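Student: Next up is a structure, given as structure tokens.
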Amino acid sequence: MNKGKSIHLNNNLGRRNSHLKRNYFKALMVFISAMVILGFIRNPYYVGVLVFFGINAIITTGLSLLMGYAGQISLGQAAFYGIGAYTSGVLTAKLGMPVWFGFLSAVLLTALIAYIVGIPTLRLKGHYLAMATLGLGEIVHIVFNELLSLTGGPSGFGNIPLIKIFGIELNNDFLYYIFVWAVFSFILFISLNLIDSRIGRALRAIHKSETTAATLGINISKLKLQIFILSAVYASIAGFLYAHYVTFLSPGTFGLHFSVLLVTMVAVGGMENIWGAFIGTGVLTLLPEYLRIFKDYDILIYGIILMSIMLFRPEGLYGIKIPLKIGKKKEQ
Amino acid sequence: MDKILQVKNLNKSFGGLKAIDNLSFEVKTGTITSVIGPNGAGKTTLFNIISSLITPDSGEIFLNNKRIDYLKPYQIPYLGISRTFQNLSVFNNMSVIENIMVGQYSKSKAGFLSSCLNTAKKRKEEKEIRDRAMYWLSFMNLDDIYDRPINSISFEKQRLVEITRALASEPEIILLDEPAAGLTINETENLIDNLYKIRELGITILLVEHDMDMVMEVSDKITVLNFGKKIAEGTPEEVSNNPNVISVYLGE
């Protein structure tokens, strides 16, 4: 190597280092932006909508890692969301356990179920995970409906206790908003770290060619299983947050419709990038609220917007270049 | 010289077709050894068996006298074997350097949890991975395009990136499946220089190639296959004067 090359190398390293440091900075920026936005909102209803944006974004971040990076589709994220919500809800409301215990049980139970579903399906090539998780969604839905003594069946159950942190009870939308966005920012931070690691690169390699990835030493089924469990745990955490926010659970929230909506959010935002999932979640969570002004036609317009995005921007909204005329000088 | 790779009595059939027929040969450490033969002679099948992508019907493969033919594909690079593919297989969702960094997967350790939490140990390793990737890119004279997306560089460079990715796992032996396919004469010359450079590092090269001029120029030893059988073996001169080889290549 000559001298010129080693200088080049050093420059490159410096740049990379500052980039790595920026992961927590990005996550922190998301949190600060969320807090700034909160400062402008007076209506608790809108705060509530943004709480759901945060909760959904936790799930779709995991789904983006699974779909966009590892190339696996799950149609059962709503089931994991439901398992998280019901486990913590039942333990705290019906059995009087503390909230932190509910949280830990929810995460561990979800991880275990994801492990059991993932072990046989992720060894196979092709979209077997989609089929298995579709089945899981139905099973979970039936359990929620039929386990009357614990879940209250189709009519659900309430009186789920609120979360207390450092002696502060999260009893209003504003406090809960801060909590949810703090959790989301942490999850975003973890996910960005993962993407910037050898594991993240291995996942993208698997997405392009499983055979080539294997010949480079990547244990494909193990890695796919790990990322699937991670995405399920994210959904479970979101479910926990949902249960202790709404304080009432019924099976309708956790059906196939919601699983498909989550996949749609990731696809609309852009699968190849984790920020795409965030954008897609924002658009699909907030859009129905804005479309209310169209009254009865809101669903129709919602559908037209979705179709247009998929027709004209099949790779998703992330990275779209909005032609800004202001401030752009004409060249030549 | 030591034998780095030994293939003993290898057999593989696909249905009624015998792709590899009782094949035995060995590769000496530090050489460029070529496997040639007409289309369908079983060359790529042989590579796929060595890298454990295909299980042989019978026979044994040894790397440094250690049996490897029962292993899973992802265990192979940890032993010091890496490979490229006949149909260029670079990751086109990544930049050049990221491709090389994937190549170091078997040389790095950071697990799922330490990656998520971005521990100091992981950051240190990540920096090392990047340093090593940059080193290998400089070695192959590709360092000026390190941050380009794979799609934006020429076919020749993509081939070289694939070879660099295989080198990045710091193998003892590298299997190259038709690296000159689709290259111009000048590009092939450049490839040959690179092969010599790789051999100088002490890395053994096992080559499958159709470009006979290149094979005759670079090879220390050539094994000729036809219908899965070894029909000749030896130095380039010996092989090119062998009547069996001439009849296979030129017809009788």
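Residue numbering restarts at 1 in every chain; chains get A, B, ... in the order shown in the structure tokens, and ligands count up from 1 in that same order.
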Please identify every residue of region 108-174 of chain A that has at least one atom no farther than 9 Å from an atom of region 31-44 of chain A, counting only C-alpha atoms, and for each give the shortest atom pair and the distance in Å to one decimal, arranged by chain then increasing number, as JSON lines.

Tutor:
{"residue": "A:Asn172", "atom": "CA", "partner": "A:Pro44", "partner_atom": "CA", "distance": 8.6}
{"residue": "A:Asp173", "atom": "CA", "partner": "A:Pro44", "partner_atom": "CA", "distance": 6.2}
{"residue": "A:Phe174", "atom": "CA", "partner": "A:Pro44", "partner_atom": "CA", "distance": 7.3}

Student: Give as a PDB file with C-alpha atoms, in the first residue's frame every residue of chain A that touches chain B within 8 Å, counting only C-alpha atoms.

Tutor:
ATOM      1  CA  MET A   1       0.000   0.000   0.000  1.00  0.00           C
ATOM      2  CA  LYS A   5      -3.992   4.955   0.042  1.00  0.00           C
ATOM      3  CA  LEU A   9      -8.310   4.897   4.513  1.00  0.00           C
ATOM      4  CA  LEU A  13     -12.609   5.770   9.111  1.00  0.00           C
ATOM      5  CA  ILE A 190     -31.476  -0.701  19.190  1.00  0.00           C
ATOM      6  CA  SER A 191     -32.710  -1.421  15.683  1.00  0.00           C
ATOM      7  CA  LEU A 192     -30.397   1.115  14.040  1.00  0.00           C
ATOM      8  CA  ASN A 193     -27.476  -0.430  15.920  1.00  0.00           C
ATOM      9  CA  LEU A 194     -28.473  -3.851  14.697  1.00  0.00           C
ATOM     10  CA  SER A 197     -23.649  -4.393  12.553  1.00  0.00           C
ATOM     11  CA  ARG A 198     -22.405  -7.623  11.022  1.00  0.00           C
ATOM     12  CA  ILE A 199     -25.807  -9.092  11.868  1.00  0.00           C
ATOM     13  CA  ARG A 201     -25.308  -6.905   6.899  1.00  0.00           C
ATOM     14  CA  ALA A 202     -25.861 -10.654   7.166  1.00  0.00           C
ATOM     15  CA  ARG A 204     -29.409  -8.021   3.964  1.00  0.00           C
ATOM     16  CA  ALA A 205     -27.196 -10.720   2.441  1.00  0.00           C
ATOM     17  CA  LYS A 208     -30.471 -11.176  -1.694  1.00  0.00           C
ATOM     18  CA  SER A 209     -29.193 -14.755  -1.771  1.00  0.00           C
ATOM     19  CA  THR A 211     -26.997 -19.662  -0.839  1.00  0.00           C
ATOM     20  CA  THR A 212     -24.303 -17.021  -1.127  1.00  0.00           C
ATOM     21  CA  ALA A 214     -24.437 -19.446   3.669  1.00  0.00           C
ATOM     22  CA  THR A 215     -21.140 -19.850   1.840  1.00  0.00           C
ATOM     23  CA  LEU A 216     -19.906 -16.753   3.693  1.00  0.00           C
ATOM     24  CA  GLY A 217     -20.493 -18.417   7.053  1.00  0.00           C
ATOM     25  CA  ILE A 218     -23.936 -17.057   7.882  1.00  0.00           C
ATOM     26  CA  ASN A 219     -26.158 -19.507   9.774  1.00  0.00           C
ATOM     27  CA  GLN A 226     -33.492 -14.469  16.051  1.00  0.00           C
TER      28      GLN A 226
END

Student: Leaving out region 173-182 of chain B and any residue of its chain fewer than 4 positions from it, which residues lie within 9 Å of it when counting only C-alpha atoms, given as an NGL selection string?

Tutor: :B and (4-5 or 29-30 or 43-44 or 47 or 51 or 80-88 or 155-156 or 159-160 or 163 or 166-167 or 187-188 or 191 or 202-211 or 214)

Student: Using the selection just defined, write its residues with C-alpha atoms as an mmCIF file, in the first residue's frame.

Tutor:
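Listed below is the output, again.cif:
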data_model
loop_
_atom_site.group_PDB
_atom_site.id
_atom_site.type_symbol
_atom_site.label_atom_id
_atom_site.label_comp_id
_atom_site.auth_asym_id
_atom_site.auth_seq_id
_atom_site.Cartn_x
_atom_site.Cartn_y
_atom_site.Cartn_z
ATOM 1 C CA ILE B 4 -4.471 -28.826 1.278
ATOM 2 C CA LEU B 5 -7.498 -30.453 -0.315
ATOM 3 C CA THR B 29 -0.881 -26.052 -0.911
ATOM 4 C CA GLY B 30 -0.013 -22.722 -2.476
ATOM 5 C CA LYS B 43 -17.084 -28.841 -12.503
ATOM 6 C CA THR B 44 -19.632 -26.655 -10.745
ATOM 7 C CA PHE B 47 -17.441 -26.913 -6.292
ATOM 8 C CA SER B 51 -18.658 -26.017 -0.272
ATOM 9 C CA GLY B 80 -10.662 -21.671 5.519
ATOM 10 C CA ILE B 81 -12.533 -22.360 2.278
ATOM 11 C CA SER B 82 -14.255 -19.562 0.397
ATOM 12 C CA ARG B 83 -15.693 -19.366 -3.082
ATOM 13 C CA THR B 84 -17.200 -17.291 -5.869
ATOM 14 C CA PHE B 85 -20.061 -18.204 -8.159
ATOM 15 C CA GLN B 86 -20.351 -18.790 -11.878
ATOM 16 C CA ASN B 87 -23.309 -16.428 -12.047
ATOM 17 C CA LEU B 88 -21.933 -13.381 -10.322
ATOM 18 C CA PHE B 155 -19.232 -5.995 -14.564
ATOM 19 C CA GLU B 156 -15.487 -6.539 -14.317
ATOM 20 C CA ARG B 159 -16.390 -9.815 -10.430
ATOM 21 C CA LEU B 160 -13.347 -8.455 -8.607
ATOM 22 C CA ILE B 163 -13.304 -12.297 -5.380
ATOM 23 C CA ALA B 166 -14.084 -14.289 -0.775
ATOM 24 C CA LEU B 167 -10.582 -13.102 0.191
ATOM 25 C CA GLU B 187 -9.707 -7.474 -18.111
ATOM 26 C CA THR B 188 -8.646 -11.120 -18.124
ATOM 27 C CA LEU B 191 -7.531 -10.891 -13.412
ATOM 28 C CA GLY B 202 0.040 -18.257 0.229
ATOM 29 C CA ILE B 203 -3.618 -18.752 -0.616
ATOM 30 C CA THR B 204 -4.300 -21.824 -2.729
ATOM 31 C CA ILE B 205 -6.544 -21.277 -5.744
ATOM 32 C CA LEU B 206 -8.849 -23.891 -7.211
ATOM 33 C CA LEU B 207 -10.099 -22.620 -10.541
ATOM 34 C CA VAL B 208 -12.871 -23.666 -12.890
ATOM 35 C CA GLU B 209 -12.500 -21.843 -16.182
ATOM 36 C CA HIS B 210 -13.411 -22.087 -19.855
ATOM 37 C CA ASP B 211 -10.835 -19.558 -21.062
ATOM 38 C CA MET B 214 -5.863 -18.233 -19.175
#

Student: Out of B:Arg132, B:Asp193, B:Ile145, B:Phe227, which residue has the shortest atom-to-atom distance to Leu17 (chain B) when counting only C-alpha atoms?

Tutor: B:Phe227

Student: So how far away is CA of Leu147 (chain A) from CA of Leu162 (chain A), in Å?

Tutor: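 Interatomic distance, CA of Leu162 (chain A) to CA of Leu147 (chain A): 23.6 Å.
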
Student: Using only C-alpha atoms, which protein or nucleic acid residues come within 10 Å of Arg67 (chain B)? Drop anything in the same chain fewer than 4 positions from it, and give the result as a PyMOL selection string.

Tutor: chain B and resi 5-7+60-63+71

Student: Would you export the selected residues with N, CA and C atoms as a PDB file, in the first residue's frame, please?

Tutor:
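The result, stored in out-v1.pdb:
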ATOM      1  N   LEU B   5      -6.161 -29.908  -0.073  1.00  0.00           N
ATOM      2  CA  LEU B   5      -7.498 -30.453  -0.315  1.00  0.00           C
ATOM      3  C   LEU B   5      -7.372 -31.815  -0.988  1.00  0.00           C
ATOM      4  N   GLN B   6      -8.145 -32.771  -0.476  1.00  0.00           N
ATOM      5  CA  GLN B   6      -8.144 -34.104  -1.069  1.00  0.00           C
ATOM      6  C   GLN B   6      -9.571 -34.543  -1.316  1.00  0.00           C
ATOM      7  N   VAL B   7      -9.825 -34.997  -2.514  1.00  0.00           N
ATOM      8  CA  VAL B   7     -11.135 -35.542  -2.843  1.00  0.00           C
ATOM      9  C   VAL B   7     -10.932 -37.020  -3.119  1.00  0.00           C
ATOM     10  N   GLU B  60     -15.289 -38.954   0.016  1.00  0.00           N
ATOM     11  CA  GLU B  60     -14.829 -38.139   1.142  1.00  0.00           C
ATOM     12  C   GLU B  60     -14.059 -36.935   0.637  1.00  0.00           C
ATOM     13  N   ILE B  61     -14.139 -35.853   1.415  1.00  0.00           N
ATOM     14  CA  ILE B  61     -13.346 -34.668   1.115  1.00  0.00           C
ATOM     15  C   ILE B  61     -12.583 -34.272   2.375  1.00  0.00           C
ATOM     16  N   PHE B  62     -11.296 -34.013   2.205  1.00  0.00           N
ATOM     17  CA  PHE B  62     -10.462 -33.636   3.343  1.00  0.00           C
ATOM     18  C   PHE B  62      -9.845 -32.270   3.108  1.00  0.00           C
ATOM     19  N   LEU B  63      -9.898 -31.434   4.142  1.00  0.00           N
ATOM     20  CA  LEU B  63      -9.158 -30.173   4.104  1.00  0.00           C
ATOM     21  C   LEU B  63      -8.088 -30.270   5.172  1.00  0.00           C
ATOM     22  N   LEU B  71     -20.289 -31.488   6.732  1.00  0.00           N
ATOM     23  CA  LEU B  71     -20.589 -30.209   7.385  1.00  0.00           C
ATOM     24  C   LEU B  71     -21.717 -29.449   6.684  1.00  0.00           C
TER      25      LEU B  71
END

Student: Measure the distance from CA of Ile97 (chain B) to CA of Ala133 (chain B) in Å and round it to one decimal.

Tutor: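 Going from CA of Ile97 (chain B) over to CA of Ala133 (chain B), I get 6.5 Å.
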
Student: So that I can see what lies close to Thr87 (chain A), please list as a count of residues only the residues with an atom at most 10 Å from it, counting only C-alpha atoms and leaving out residues fewer than 4 positions away in the same chain.

Tutor: 17

Student: CA of Val51 (chain A) and CA of Trp181 (chain A), how far apart in Å?

Tutor: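 Interatomic distance, CA of Trp181 (chain A) to CA of Val51 (chain A): 7.7 Å.
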
Student: Excluding Tyr128 (chain A) and its own-chain neighbours fewer than 4 positions away, which residues fall within 12 Å of it when counting only C-alpha atoms? Please give them as a ChimeraX atom specification.

Tutor: /A:71-75,117-124,132-135

Student: Using N, CA and C atoms, can you write the selected residues to a file as a JSON list (two decimals), in the first residue's frame?

Tutor:
[["chain", "number", "residue", "atom", "x", "y", "z"],
["A", 71, "GLY", "N", -36.18, -10.42, 4.76],
["A", 71, "GLY", "CA", -36.97, -10.94, 3.65],
["A", 71, "GLY", "C", -38.04, -11.95, 4.02],
["A", 72, "GLN", "N", -38.48, -11.93, 5.28],
["A", 72, "GLN", "CA", -39.53, -12.85, 5.72],
["A", 72, "GLN", "C", -40.81, -12.08, 6.01],
["A", 73, "ILE", "N", -41.94, -12.66, 5.63],
["A", 73, "ILE", "CA", -43.21, -11.96, 5.88],
["A", 73, "ILE", "C", -43.95, -12.63, 7.03],
["A", 74, "SER", "N", -44.40, -11.80, 7.99],
["A", 74, "SER", "CA", -45.22, -12.33, 9.07],
["A", 74, "SER", "C", -46.61, -11.73, 8.98],
["A", 75, "LEU", "N", -47.62, -12.59, 8.96],
["A", 75, "LEU", "CA", -49.00, -12.11, 8.98],
["A", 75, "LEU", "C", -49.59, -12.31, 10.37],
["A", 117, "VAL", "N", -43.02, -21.27, 16.91],
["A", 117, "VAL", "CA", -43.53, -21.14, 15.54],
["A", 117, "VAL", "C", -42.38, -21.05, 14.53],
["A", 118, "GLY", "N", -41.31, -20.37, 14.94],
["A", 118, "GLY", "CA", -40.22, -20.09, 14.01],
["A", 118, "GLY", "C", -39.34, -21.28, 13.72],
["A", 119, "ILE", "N", -39.09, -22.12, 14.73],
["A", 119, "ILE", "CA", -38.14, -23.24, 14.57],
["A", 119, "ILE", "C", -38.45, -24.09, 13.33],
["A", 120, "PRO", "N", -39.67, -24.61, 13.18],
["A", 120, "PRO", "CA", -39.87, -25.44, 11.99],
["A", 120, "PRO", "C", -40.00, -24.64, 10.69],
["A", 121, "THR", "N", -40.61, -23.45, 10.76],
["A", 121, "THR", "CA", -40.92, -22.76, 9.50],
["A", 121, "THR", "C", -39.72, -22.06, 8.90],
["A", 122, "LEU", "N", -38.81, -21.54, 9.73],
["A", 122, "LEU", "CA", -37.71, -20.75, 9.19],
["A", 122, "LEU", "C", -36.59, -21.62, 8.64],
["A", 123, "ARG", "N", -36.70, -22.94, 8.84],
["A", 123, "ARG", "CA", -35.72, -23.83, 8.22],
["A", 123, "ARG", "C", -36.02, -24.02, 6.74],
["A", 124, "LEU", "N", -37.26, -23.74, 6.37],
["A", 124, "LEU", "CA", -37.67, -23.95, 4.99],
["A", 124, "LEU", "C", -37.44, -22.69, 4.18],
["A", 132, "ALA", "N", -47.57, -19.88, 8.52],
["A", 132, "ALA", "CA", -47.59, -20.30, 9.93],
["A", 132, "ALA", "C", -48.12, -19.18, 10.82],
["A", 133, "THR", "N", -47.69, -17.95, 10.55],
["A", 133, "THR", "CA", -48.12, -16.84, 11.39],
["A", 133, "THR", "C", -49.58, -16.50, 11.15],
["A", 134, "LEU", "N", -50.03, -16.74, 9.92],
["A", 134, "LEU", "CA", -51.46, -16.57, 9.62],
["A", 134, "LEU", "C", -52.27, -17.51, 10.51],
["A", 135, "GLY", "N", -51.83, -18.76, 10.59],
["A", 135, "GLY", "CA", -52.48, -19.74, 11.44],
["A", 135, "GLY", "C", -52.42, -19.36, 12.90]]
